[in-house]
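Asker: Got a file for you: target_15.cif, mmCIF, C-alpha atoms (C1' of nucleotides).
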```
data_model
loop_
_atom_site.label_atom_id
_atom_site.label_comp_id
_atom_site.auth_asym_id
_atom_site.auth_seq_id
_atom_site.Cartn_x
_atom_site.Cartn_y
_atom_site.Cartn_z
CA MET A 797 25.00 26.35 -30.16
CA LEU A 798 26.54 23.47 -28.23
CA GLU A 799 28.21 25.50 -25.49
CA VAL A 800 25.79 24.25 -22.83
CA LEU A 801 26.54 20.68 -23.81
CA PHE A 802 30.30 21.16 -23.97
CA SER A 803 30.50 22.91 -20.65
CA HIS A 804 28.42 20.14 -19.11
CA ILE A 805 30.72 17.48 -20.52
CA GLU A 806 33.80 19.40 -19.45
CA LYS A 807 32.72 19.22 -15.84
CA LYS A 808 33.72 15.58 -16.07
CA VAL A 809 36.33 15.22 -18.82
CA THR A 810 38.45 17.53 -20.95
CA LEU A 811 37.68 17.97 -24.64
CA SER A 812 40.13 18.86 -27.38
CA ARG A 813 39.13 21.12 -30.26
CA GLY A 814 38.93 18.04 -32.43
CA ASP A 815 36.73 16.23 -29.91
CA LYS A 816 34.28 19.10 -29.96
CA GLU A 817 34.07 19.15 -33.73
CA ALA A 818 33.47 15.42 -33.79
CA ILE A 819 30.86 15.62 -31.06
CA ALA A 820 29.07 18.47 -32.77
CA SER A 821 28.57 16.39 -35.88
CA PHE A 822 26.46 13.85 -33.98
CA PHE A 823 23.86 16.14 -32.48
CA THR A 824 20.75 17.64 -34.00
CA PHE A 825 18.84 20.58 -32.65
CA LYS A 826 15.14 20.54 -31.84
CA LYS A 827 12.75 23.09 -30.42
CA ILE A 828 9.51 22.04 -28.81
CA ARG A 829 6.63 24.03 -27.38
CA LYS A 830 5.06 23.66 -23.98
CA LYS A 831 2.88 20.50 -23.81
CA GLN A 832 4.45 18.99 -26.90
CA TYR A 833 5.45 15.33 -26.69
CA ILE A 834 8.94 13.99 -27.33
CA LEU A 835 7.91 10.43 -26.61
CA GLU A 836 4.65 8.59 -26.11
CA GLU A 837 3.95 5.19 -24.62
CA GLY A 838 4.28 2.43 -27.17
CA ALA A 839 6.69 4.34 -29.40
CA VAL A 840 10.40 3.49 -29.47
CA CYS A 841 12.64 6.09 -27.85
CA THR A 842 14.99 6.88 -30.70
CA HIS A 843 17.09 9.64 -29.13
CA LEU A 844 18.79 10.74 -25.99
CA SER A 845 17.72 14.33 -25.36
CA PHE A 846 20.03 16.85 -23.79
CA VAL A 847 18.13 19.85 -22.50
CA LYS A 848 19.78 23.04 -23.67
CA LYS A 849 17.05 25.31 -22.38
CA GLY A 850 13.61 24.78 -20.90
CA LEU A 851 11.96 22.08 -18.83
CA ILE A 852 10.58 18.65 -19.65
CA LYS A 853 9.18 15.75 -17.68
CA SER A 854 9.02 11.99 -18.14
CA TYR A 855 6.19 10.01 -16.60
CA ARG A 856 4.04 6.93 -16.60
CA LEU A 857 0.30 7.12 -17.12
CA ASP A 858 -1.74 4.66 -15.05
CA GLU A 859 -5.11 3.05 -15.91
CA LYS A 860 -6.96 5.98 -14.39
CA GLY A 861 -4.97 8.50 -16.41
CA ASN A 862 -2.86 9.74 -13.51
CA GLU A 863 0.67 10.88 -14.21
CA HIS A 864 3.51 9.42 -12.19
CA ILE A 865 6.55 11.54 -12.88
CA SER A 866 9.90 9.82 -12.87
CA LEU A 867 12.11 12.73 -13.89
CA PHE A 868 12.31 16.43 -14.57
CA GLY A 869 14.93 17.68 -16.97
CA TRP A 870 16.13 21.24 -17.37
CA GLU A 871 19.33 22.92 -18.59
CA GLY A 872 22.12 20.37 -18.52
CA TRP A 873 20.00 17.24 -18.03
CA TRP A 874 19.74 14.18 -20.23
CA VAL A 875 16.28 12.72 -20.61
CA SER A 876 14.98 9.58 -22.28
CA ASP A 877 13.09 6.41 -21.60
CA PHE A 878 16.39 4.68 -21.07
CA LYS A 879 15.03 1.16 -21.25
CA SER A 880 13.34 1.89 -24.54
CA PHE A 881 16.35 3.76 -25.90
CA ILE A 882 18.92 1.10 -25.02
CA ASN A 883 16.90 -1.90 -26.13
CA GLN A 884 14.97 -0.12 -28.88
CA GLN A 885 11.72 -1.46 -27.52
CA PRO A 886 8.33 0.23 -27.03
CA ALA A 887 8.38 2.86 -24.30
CA MET A 888 6.30 2.72 -21.16
CA LEU A 889 6.87 6.39 -20.52
CA TYR A 890 5.73 9.68 -21.92
CA ILE A 891 8.04 12.65 -22.19
CA ASP A 892 6.70 16.13 -22.80
CA ALA A 893 7.56 19.78 -22.26
CA ILE A 894 6.49 21.82 -19.23
CA GLU A 895 8.03 24.93 -20.78
CA ASP A 896 9.10 25.77 -24.32
CA THR A 897 12.31 23.80 -24.65
CA GLU A 898 15.42 23.50 -26.81
CA LEU A 899 16.98 20.06 -27.13
CA LEU A 900 20.12 18.51 -28.52
CA LEU A 901 19.38 15.04 -29.82
CA LEU A 902 21.59 11.99 -30.13
CA SER A 903 20.27 8.93 -31.96
CA ARG A 904 20.76 5.36 -30.74
CA ALA A 905 23.24 4.52 -33.51
CA ASP A 906 25.11 7.80 -33.07
CA TYR A 907 25.33 7.18 -29.35
CA GLU A 908 27.46 4.09 -30.00
CA GLN A 909 29.32 5.74 -32.82
CA LEU A 910 30.12 8.79 -30.75
CA MET A 911 31.85 6.67 -28.13
CA GLU A 912 33.82 4.83 -30.82
CA GLU A 913 35.06 8.02 -32.42
CA VAL A 914 35.52 10.09 -29.28
CA PRO A 915 36.66 7.67 -26.58
CA VAL A 916 36.58 10.31 -23.89
CA MET A 917 32.79 10.27 -24.26
CA GLU A 918 32.78 6.69 -23.03
CA ARG A 919 34.29 7.99 -19.84
CA TYR A 920 31.89 10.90 -19.75
CA PHE A 921 28.87 8.63 -19.94
CA ARG A 922 30.37 6.22 -17.44
CA MET A 923 30.74 9.07 -14.99
CA LEU A 924 27.34 10.50 -15.81
CA TYR A 925 25.69 7.14 -15.14
CA GLN A 926 27.77 6.63 -12.04
CA ASN A 927 26.36 9.86 -10.62
CA SER A 928 22.86 9.07 -11.80
CA LEU A 929 23.03 5.77 -9.96
CA VAL A 930 23.90 7.53 -6.75
CA THR A 931 20.90 9.83 -7.00
CA LYS A 932 18.56 7.03 -8.08
CA ASP A 933 19.72 4.96 -5.12
CA GLU A 934 18.83 7.80 -2.82
CA ARG A 935 15.44 8.33 -4.38
CA LEU A 936 14.72 4.63 -4.11
CA ILE A 937 15.65 4.58 -0.44
CA SER A 938 13.59 7.71 0.09
CA SER A 939 10.67 6.26 -1.75
CA ASN A 940 10.36 3.10 0.24
CA SER A 941 11.56 3.91 3.69
CA TYR A 942 10.53 7.46 4.54
CA THR A 943 7.22 9.18 5.31
CA ALA A 944 5.62 11.66 2.94
CA GLU A 945 6.98 14.60 4.89
CA GLU A 946 10.47 13.14 5.06
CA LYS A 947 10.45 12.48 1.33
CA PHE A 948 9.63 16.11 0.71
CA GLN A 949 12.30 17.35 3.12
CA ARG A 950 14.88 15.08 1.53
CA MET A 951 13.97 16.36 -1.91
CA LEU A 952 14.38 19.93 -0.67
CA GLN A 953 17.85 18.98 0.54
CA ALA A 954 18.84 17.12 -2.60
CA SER A 955 17.37 19.44 -5.24
CA PRO A 956 15.84 22.64 -3.88
CA GLU A 957 15.69 24.09 -7.42
CA ILE A 958 12.75 21.84 -8.19
CA MET A 959 10.32 23.79 -6.04
CA GLN A 960 11.36 27.03 -7.73
CA ARG A 961 10.95 25.63 -11.14
CA VAL A 962 8.13 23.13 -11.18
CA PRO A 963 4.41 23.52 -10.30
CA GLN A 964 3.70 21.98 -6.93
CA HIS A 965 1.30 19.29 -8.10
CA LEU A 966 3.99 17.96 -10.43
CA VAL A 967 6.47 17.84 -7.57
CA ALA A 968 3.87 15.82 -5.64
CA SER A 969 3.68 13.35 -8.50
CA TYR A 970 7.48 13.14 -8.62
CA LEU A 971 7.49 12.24 -4.93
CA GLY A 972 4.71 9.72 -5.35
CA LEU A 973 2.23 11.79 -3.33
CA ALA A 974 -1.25 13.16 -3.96
CA PRO A 975 -1.19 16.92 -4.64
CA GLU A 976 -3.43 17.50 -1.60
CA THR A 977 -0.95 15.67 0.59
CA LEU A 978 1.94 17.86 -0.50
CA SER A 979 -0.17 20.96 0.05
CA ARG A 980 -0.93 19.87 3.61
CA ILE A 981 2.69 18.99 4.29
CA ARG A 982 3.81 22.42 3.17
CA LYS A 983 1.22 24.04 5.38
CA LYS A 984 2.35 22.00 8.34
CA ILE A 985 6.02 22.81 7.74
CA ALA A 986 5.27 26.51 7.35
CA SER A 987 3.54 26.57 10.75
CA THR A 988 6.24 24.46 12.45
CA ASP A 989 9.12 26.85 11.81
CA MET B 176 39.63 -17.99 -9.25
CA LEU B 177 38.36 -15.09 -11.34
CA GLU B 178 36.40 -17.11 -13.89
CA VAL B 179 33.06 -15.89 -12.56
CA LEU B 180 34.22 -12.31 -12.90
CA PHE B 181 35.69 -12.76 -16.37
CA SER B 182 32.65 -14.52 -17.72
CA HIS B 183 30.48 -11.77 -16.29
CA ILE B 184 32.58 -9.08 -17.95
CA GLU B 185 32.68 -10.99 -21.20
CA LYS B 186 28.92 -10.84 -21.47
CA LYS B 187 29.47 -7.18 -22.30
CA VAL B 188 32.95 -6.80 -23.79
CA THR B 189 35.71 -9.09 -25.04
CA LEU B 190 38.89 -9.52 -23.02
CA SER B 191 42.32 -10.40 -24.34
CA ARG B 192 44.66 -12.65 -22.42
CA GLY B 193 46.62 -9.57 -21.43
CA ASP B 194 43.49 -7.78 -20.27
CA LYS B 195 42.67 -10.66 -17.97
CA GLU B 196 46.11 -10.70 -16.44
CA ALA B 197 45.95 -6.97 -15.84
CA ILE B 198 42.48 -7.19 -14.36
CA ALA B 199 43.46 -10.05 -12.08
CA SER B 200 46.18 -7.96 -10.52
CA PHE B 201 43.66 -5.45 -9.21
CA PHE B 202 41.35 -7.75 -7.31
CA THR B 203 41.68 -9.27 -3.87
CA PHE B 204 39.77 -12.23 -2.57
CA LYS B 205 37.71 -12.23 0.61
CA LYS B 206 35.56 -14.79 2.34
CA ILE B 207 32.91 -13.78 4.83
CA ARG B 208 30.55 -15.77 7.00
CA LYS B 209 26.81 -15.41 7.28
CA LYS B 210 25.87 -12.26 9.27
CA GLN B 211 29.32 -10.73 8.90
CA TYR B 212 29.44 -7.06 7.89
CA ILE B 213 31.27 -5.72 4.85
CA LEU B 214 30.22 -2.16 5.58
CA GLU B 215 28.60 -0.32 8.47
CA GLU B 216 26.93 3.07 8.62
CA GLY B 217 29.43 5.84 9.20
CA ALA B 218 32.38 3.96 7.71
CA VAL B 219 33.73 4.82 4.28
CA CYS B 220 33.03 2.23 1.60
CA THR B 221 36.53 1.46 0.41
CA HIS B 222 35.81 -1.29 -2.13
CA LEU B 223 33.46 -2.42 -4.83
CA SER B 224 32.52 -6.00 -4.05
CA PHE B 225 31.88 -8.51 -6.79
CA VAL B 226 30.01 -11.53 -5.47
CA LYS B 227 31.71 -14.71 -6.61
CA LYS B 228 29.54 -16.99 -4.52
CA GLY B 229 26.93 -16.50 -1.82
CA LEU B 230 24.41 -13.80 -0.98
CA ILE B 231 24.67 -10.38 0.61
CA LYS B 232 22.32 -7.49 1.23
CA SER B 233 22.69 -3.74 1.55
CA TYR B 234 20.24 -1.77 3.66
CA ARG B 235 19.47 1.31 5.68
CA LEU B 236 18.65 1.10 9.38
CA ASP B 237 15.97 3.55 10.57
CA GLU B 238 15.58 5.16 14.02
CA LYS B 239 13.52 2.22 15.22
CA GLY B 240 16.13 -0.27 14.07
CA ASN B 241 14.18 -1.53 11.07
CA GLU B 242 16.07 -2.66 8.00
CA HIS B 243 15.18 -1.19 4.62
CA ILE B 244 16.89 -3.30 2.02
CA SER B 245 18.05 -1.57 -1.12
CA LEU B 246 19.79 -4.45 -2.85
CA PHE B 247 20.52 -8.16 -2.80
CA GLY B 248 23.70 -9.41 -4.41
CA TRP B 249 24.51 -12.93 -5.40
CA GLU B 250 26.79 -14.60 -7.97
CA GLY B 251 27.70 -12.04 -10.60
CA TRP B 252 26.48 -8.92 -8.78
CA TRP B 253 28.41 -5.86 -7.76
CA VAL B 254 27.56 -4.41 -4.38
CA SER B 255 28.65 -1.27 -2.55
CA ASP B 256 27.34 1.90 -1.02
CA PHE B 257 27.99 3.64 -4.28
CA LYS B 258 27.67 7.16 -2.94
CA SER B 259 30.15 6.42 -0.20
CA PHE B 260 32.50 4.59 -2.55
CA ILE B 261 32.57 7.24 -5.25
CA ASN B 262 32.88 10.25 -2.96
CA GLN B 263 34.78 8.45 -0.20
CA GLN B 264 32.37 9.78 2.39
CA PRO B 265 30.69 8.06 5.37
CA ALA B 266 28.19 5.42 4.35
CA MET B 267 24.52 5.54 5.20
CA LEU B 268 24.13 1.88 4.43
CA TYR B 269 25.05 -1.42 5.97
CA ILE B 270 26.14 -4.39 3.90
CA ASP B 271 26.26 -7.88 5.37
CA ALA B 272 26.06 -11.51 4.36
CA ILE B 273 22.86 -13.55 4.28
CA GLU B 274 24.87 -16.67 3.36
CA ASP B 275 28.57 -17.49 3.61
CA THR B 276 30.00 -15.51 0.73
CA GLU B 277 33.11 -15.18 -1.43
CA LEU B 278 33.94 -11.74 -2.76
CA LEU B 279 36.35 -10.16 -5.20
CA LEU B 280 37.29 -6.69 -4.04
CA LEU B 281 38.33 -3.61 -6.00
CA SER B 282 39.57 -0.56 -4.11
CA ARG B 283 38.59 3.01 -4.99
CA ALA B 284 42.05 3.87 -6.32
CA ASP B 285 42.32 0.61 -8.23
CA TYR B 286 38.90 1.23 -9.74
CA GLU B 287 40.25 4.33 -11.50
CA GLN B 288 43.56 2.70 -12.26
CA LEU B 289 41.91 -0.36 -13.76
CA MET B 290 40.05 1.78 -16.29
CA GLU B 291 43.27 3.62 -17.18
CA GLU B 292 45.21 0.44 -17.78
CA VAL B 293 42.44 -1.63 -19.34
CA PRO B 294 40.30 0.78 -21.34
CA VAL B 295 37.78 -1.87 -22.22
CA MET B 296 36.78 -1.86 -18.54
CA GLU B 297 35.63 1.72 -18.95
CA ARG B 298 33.17 0.41 -21.50
CA TYR B 299 32.25 -2.51 -19.28
CA PHE B 300 31.36 -0.25 -16.38
CA ARG B 301 29.53 2.16 -18.66
CA MET B 302 27.37 -0.71 -19.89
CA LEU B 303 26.96 -2.14 -16.41
CA TYR B 304 25.74 1.21 -15.10
CA GLN B 305 23.57 1.72 -18.13
CA ASN B 306 21.77 -1.52 -17.33
CA SER B 307 21.62 -0.74 -13.63
CA LEU B 308 19.95 2.55 -14.42
CA VAL B 309 17.26 0.77 -16.38
CA THR B 310 16.45 -1.54 -13.50
CA LYS B 311 16.62 1.24 -10.91
CA ASP B 312 14.24 3.32 -13.03
CA GLU B 313 11.80 0.46 -13.03
CA ARG B 314 12.07 -0.07 -9.31
CA LEU B 315 11.54 3.61 -8.72
CA ILE B 316 8.43 3.66 -10.89
CA SER B 317 7.23 0.52 -9.16
CA SER B 318 7.91 1.95 -5.78
CA ASN B 319 5.90 5.09 -6.17
CA SER B 320 3.12 4.29 -8.53
CA TYR B 321 1.97 0.74 -7.88
CA THR B 322 0.09 -1.00 -5.08
CA ALA B 323 1.77 -3.48 -2.76
CA GLU B 324 0.43 -6.42 -4.73
CA GLU B 325 1.49 -4.94 -8.05
CA LYS B 326 4.99 -4.28 -6.71
CA PHE B 327 5.28 -7.90 -5.72
CA GLN B 328 4.00 -9.14 -9.07
CA ARG B 329 6.38 -6.86 -10.92
CA MET B 330 9.29 -8.11 -8.83
CA LEU B 331 8.29 -11.70 -9.67
CA GLN B 332 8.40 -10.74 -13.34
CA ALA B 333 11.66 -8.88 -13.13
CA SER B 334 13.61 -11.20 -10.84
CA PRO B 335 11.83 -14.40 -9.90
CA GLU B 336 15.08 -15.82 -8.49
CA ILE B 337 14.74 -13.59 -5.47
CA MET B 338 11.87 -15.55 -3.97
CA GLN B 339 13.84 -18.78 -4.36
CA ARG B 340 16.88 -17.38 -2.76
CA VAL B 341 15.90 -14.88 -0.09
CA PRO B 342 13.76 -15.26 3.08
CA GLN B 343 10.35 -13.73 2.55
CA HIS B 344 10.60 -11.06 5.21
CA LEU B 345 13.72 -9.71 3.51
CA VAL B 346 11.91 -9.59 0.19
CA ALA B 347 9.18 -7.59 1.93
CA SER B 348 11.78 -5.12 3.14
CA TYR B 349 13.24 -4.89 -0.37
CA LEU B 350 9.78 -4.01 -1.68
CA GLY B 351 9.17 -1.50 1.07
CA LEU B 352 6.40 -3.57 2.66
CA ALA B 353 5.75 -4.94 6.14
CA PRO B 354 6.45 -8.69 6.31
CA GLU B 355 2.83 -9.32 7.31
CA THR B 356 1.64 -7.49 4.22
CA LEU B 357 3.69 -9.66 1.90
CA SER B 358 2.46 -12.77 3.68
CA ARG B 359 -1.15 -11.69 3.13
CA ILE B 360 -0.52 -10.82 -0.50
CA ARG B 361 0.95 -14.23 -1.16
CA LYS B 362 -2.02 -15.88 0.48
CA LYS B 363 -4.40 -13.86 -1.64
CA ILE B 364 -2.54 -14.65 -4.85
CA ALA B 365 -2.42 -18.34 -4.01
CA SER B 366 -6.19 -18.43 -3.60
CA THR B 367 -6.86 -16.34 -6.72
CA ASP B 368 -5.25 -18.74 -9.18
"C1'" DC C 486 -14.43 37.92 -20.42
"C1'" DG C 487 -14.17 32.90 -19.79
"C1'" DG C 488 -11.80 28.79 -19.43
"C1'" DA C 489 -7.85 26.32 -17.94
"C1'" DT C 490 -4.58 25.69 -14.41
"C1'" DC C 491 -3.20 25.49 -9.77
"C1'" DG C 492 -3.26 25.35 -4.80
"C1'" DT C 493 -6.12 24.76 -0.72
"C1'" DT C 494 -9.34 22.81 2.64
"C1'" DG C 495 -12.63 19.55 4.65
"C1'" DA C 496 -14.67 14.95 5.04
"C1'" DT C 497 -14.46 10.25 4.19
"C1'" DC C 498 -12.16 6.05 2.97
"C1'" DA C 499 -8.84 2.40 1.92
"C1'" DA C 500 -4.39 0.43 2.03
"C1'" DC C 501 -1.04 -0.79 4.60
"C1'" DT C 502 1.27 -0.79 9.26
"C1'" DT C 503 1.59 -2.02 13.84
"C1'" DC C 504 1.07 -4.91 17.72
"C1'" DA C 505 0.42 -9.33 19.64
"C1'" DA C 506 0.29 -14.10 19.65
"C1'" DC C 507 1.15 -18.71 17.76
"C1'" DG C 508 3.26 -22.76 15.38
"C1'" DG C 509 6.77 -24.76 12.66
"C1'" DT C 510 11.55 -25.56 11.47
"C1'" DC C 511 16.30 -25.49 11.89
"C1'" DG C 512 20.73 -25.49 14.01
"C1'" DT C 513 23.65 -25.61 17.91
"C1'" DG C 514 25.44 -26.49 22.37
"C1'" DG C 515 24.93 -29.26 26.41
"C1'" DC D 645 20.77 -36.90 20.41
"C1'" DC D 646 17.72 -34.09 22.45
"C1'" DA D 647 16.20 -29.54 24.00
"C1'" DC D 648 16.08 -24.96 23.63
"C1'" DG D 649 16.30 -20.73 21.41
"C1'" DA D 650 16.51 -18.15 17.15
"C1'" DC D 651 14.36 -17.45 13.07
"C1'" DC D 652 10.53 -17.25 10.06
"C1'" DG D 653 5.92 -17.13 8.29
"C1'" DT D 654 1.08 -16.58 9.48
"C1'" DT D 655 -3.19 -14.72 11.37
"C1'" DG D 656 -6.26 -11.46 13.72
"C1'" DA D 657 -7.50 -6.90 15.50
"C1'" DA D 658 -6.75 -2.20 15.84
"C1'" DG D 659 -4.55 2.00 14.36
"C1'" DT D 660 -2.59 5.51 11.06
"C1'" DT D 661 -1.07 7.55 7.04
"C1'" DG D 662 -2.02 9.18 3.00
"C1'" DA D 663 -5.52 8.81 -1.01
"C1'" DT D 664 -9.78 10.11 -2.76
"C1'" DC D 665 -13.73 12.98 -3.57
"C1'" DA D 666 -15.76 17.40 -3.75
"C1'" DA D 667 -15.85 22.18 -3.61
"C1'" DC D 668 -13.83 26.77 -3.78
"C1'" DG D 669 -10.85 30.83 -4.74
"C1'" DA D 670 -7.00 32.83 -7.18
"C1'" DT D 671 -4.28 33.63 -11.13
"C1'" DC D 672 -3.01 33.57 -15.71
"C1'" DC D 673 -3.69 33.94 -20.50
"C1'" DG D 674 -5.82 33.83 -24.93
#
```
Before we go any further, please render this structure as structure tokens.
Answerer:
Amino acid sequence: MLEVLFSHIEKKVTLSRGDKEAIASFFTFKKIRKKQYILEEGAVCTHLSFVKKGLIKSYRLDEKGNEHISLFGWEGWWVSDFKSFINQQPAMLYIDAIEDTELLLLSRADYEQLMEEVPVMERYFRMLYQNSLVTKDERLISSNSYTAEEKFQRMLQASPEIMQRVPQHLVASYLGLAPETLSRIRKKIASTD
Amino acid sequence: MLEVLFSHIEKKVTLSRGDKEAIASFFTFKKIRKKQYILEEGAVCTHLSFVKKGLIKSYRLDEKGNEHISLFGWEGWWVSDFKSFINQQPAMLYIDAIEDTELLLLSRADYEQLMEEVPVMERYFRMLYQNSLVTKDERLISSNSYTAEEKFQRMLQASPEIMQRVPQHLVASYLGLAPETLSRIRKKIASTD
DNA sequence: CGGATCGTTGATCAACTTCAACGGTCGTGG
DNA sequence: CCACGACCGTTGAAGTTGATCAACGATCCG
């Protein structure tokens, strides 16, 4: 059941048999259907979600009802409204499923407890966040110093899987572009090479 | 000498006398003058820099020579090209001083070693990164789903100190705006209230 | 079959950038 | 101590990128 999680963790640190048993005791399993919410604006984000299988997205909804996607999560990704989760305050984000999805959940209290009982998880999260920071830095740079086309090209470089996996208009939202703009960019690129 | 650093760390974890002595042994002190570089594009970022005093900025330079600022760092901030530092690969960013600045430096090897010898630092960095992720998430959302004026207002909310401390055209760059745009926004806001 | 979802295309529009010029302030070297 | 240049913010006018609005065709699925 937790193989996906363990193998993900073991890319960064090594786990003993005992570690794994301890870790297992903290997680709960949850299945959600396409379009089902894990989190809605205003609610407190109570769990970190590890995606075992499937695809989810987290996004902000603006006054006009437009989605602005901040993250996709598929096999091996952690997803939450981190600000809400850490501070246990009302979320500004929605999280829902693009495909039927299987999650492993870790509650806020268990998150702390897990690191107390299995110190190697402290290192794991430190390294996970360290890597996340690197990618967020790059997205931030991308977002405010490149053109629409460059943003798209950079995303293709950084995570080509996205285009395979996610409907194009959601990719546009992720890049901060109108769906029509991304469509035109793709057309232009296709003709250029 | 390291009081600023210790008090910053102790906002997150508690340090024993022994911890402090151990920590101290890993850091080196460096003074730089206004306009002096800590890092240039193409070089490998060898150290994490903790700002003891002063003000520095990290930024990308585009083909036309325009700066795109990704971060300001003053007293109590850590600054580096994180991607370059972690992977020891050539940097894409420049880092230089806006004011005369005093730094405490931690090398890549010492960074790992420090966490081995003083385990509580593993937790410190985990929490530091955790908080950084929250603010980066917010900047990313800001950057690709709000208007120029909203971005500025949100920055005022999130870190009002910046306007006190940093020349306006650098703030514009940080927000991904042309300096003229920020000037006009400020004018408009001033007249509106 | 019928509706929802998705990508595309064209036309118009708005936000923000770019370019150019000006005035004020500050710091430094003569 | 003054003068000059660098630096910074501001304003106006013109230009561009990408957003918006509207319509259409294709596909998928219940």
Asker: Within 8 Å of chain B, which residues belong to chain A? Use all atoms listed in the file and report them as a list in words.
Answerer: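 For chain A, the answer reads Arg856, His864, Ser866, Phe878, Lys879, Glu918, Arg919, Phe921, Arg922, Met923, Tyr925, Gln926, Ser928, Leu929, Val930, Lys932, Asp933, Arg935, Leu936, Ile937, Ser939, Asn940, Ser941, Leu971 and Gly972 of chain A.
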Asker: Within 8 Å of chain C, which residues of chain A are there when counting only C-alpha atoms (C1' of nucleotides)? Please give them as a ChimeraX atom specification.
Answerer: /A:963,965,976,979
Asker: Would you please work out which residue, of D:DG662, D:DG674, D:DA667, D:DT655, is nearest to chain A when using all atoms listed in the file?
Answerer: D:DG662
Asker: Quick check: residues of chain D within 12 Å of chain A, all atoms listed in the file, returned as number ranges by chain.
Answerer: D: 660-665
Asker: Using C-alpha atoms (C1' of nucleotides), can you export the residues from the last selection as a compact mmCIF listing (two decimals), in the coordinates of the input?
Answerer:
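Now in part_23.txt:
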```txt
# COMPACT_ATOMS: atom_id res chain seq x y z
C1' DT D 660 -2.59 5.51 11.06
C1' DT D 661 -1.07 7.55 7.04
C1' DG D 662 -2.02 9.18 3.00
C1' DA D 663 -5.52 8.81 -1.01
C1' DT D 664 -9.78 10.11 -2.76
C1' DC D 665 -13.73 12.98 -3.57
```
Asker: Of the candidates A:Thr897, A:Gln960, A:Thr842, A:Thr824, which shows the shortest atom-to-atom distance to Gln884 in chain A, using only C-alpha atoms?
Answerer: A:Thr842
Asker: Tell me, as a list in words, which residues lie within 10 Å of Leu798 in chain A, counting all atoms listed in the file; anything in the same chain fewer than 3 positions away does not count.
Answerer: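 Using all atoms listed in the file, the neighbours found are Leu801, Phe802, Ser803, His804, Lys816, Ile819, Ala820, Phe823, Phe825, Lys848 and Leu900 of chain A.
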Asker: Could you work out how far CA of Ile364 in chain B lies from CA of Gln328 in chain B, giving the answer in Å with one decimal?
Answerer: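 According to the coordinates, CA of Gln328 in chain B and CA of Ile364 in chain B are separated by 9.5 Å.
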Asker: Tell me, in Å to one decimal, how far CA of Lys826 in chain A is from CA of Leu899 in chain A.
Answerer: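 About the pair CA of Lys826 in chain A and CA of Leu899 in chain A: they are 5.1 Å apart.
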Asker: Find the distance between CA of Val840 in chain A and CA of Ile894 in chain A and write it in Å to one decimal.
Answerer: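 It comes out at 21.4 Å.
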Asker: Report as a ChimeraX atom specification the residues that result from applying the PyMOL selection byres ((chain B and resi 267) around 8) to the structure here.
Answerer: /B:215-217,235,256,259,265-266,268-269
Asker: Write the residues you've just listed into a file as a short mmCIF file (atom, residue, chain, number, x, y, z; two decimals), in the frame of the given file, and include C-alpha atoms for each of them.
Answerer:
```cif
data_model
loop_
_atom_site.label_atom_id
_atom_site.label_comp_id
_atom_site.auth_asym_id
_atom_site.auth_seq_id
_atom_site.Cartn_x
_atom_site.Cartn_y
_atom_site.Cartn_z
CA GLU B 215 28.60 -0.32 8.47
CA GLU B 216 26.93 3.07 8.62
CA GLY B 217 29.43 5.84 9.20
CA ARG B 235 19.47 1.31 5.68
CA ASP B 256 27.34 1.90 -1.02
CA SER B 259 30.15 6.42 -0.20
CA PRO B 265 30.69 8.06 5.37
CA ALA B 266 28.19 5.42 4.35
CA LEU B 268 24.13 1.88 4.43
CA TYR B 269 25.05 -1.42 5.97
#
```
Asker: Could you tell me, as JSON, numbers by chain, exactly which residues end up selected when the PyMOL selection byres ((chain B and resi 248) around 8) is applied to this structure?
Answerer: {"B": [226, 230, 231, 232, 246, 247, 249, 250, 251, 252, 253, 254]}
Asker: Assuming 3 Å of padding per side, give the centre and edge lengths of the axis-aligned box around every listed atom of range 845-859 of chain A, in Å to one decimal and as AutoDock Vina command-line options.
Answerer:
```
--center_x 7.5 --center_y 14.2 --center_z -20.2 --size_x 31.1 --size_y 28.3 --size_z 16.3
```
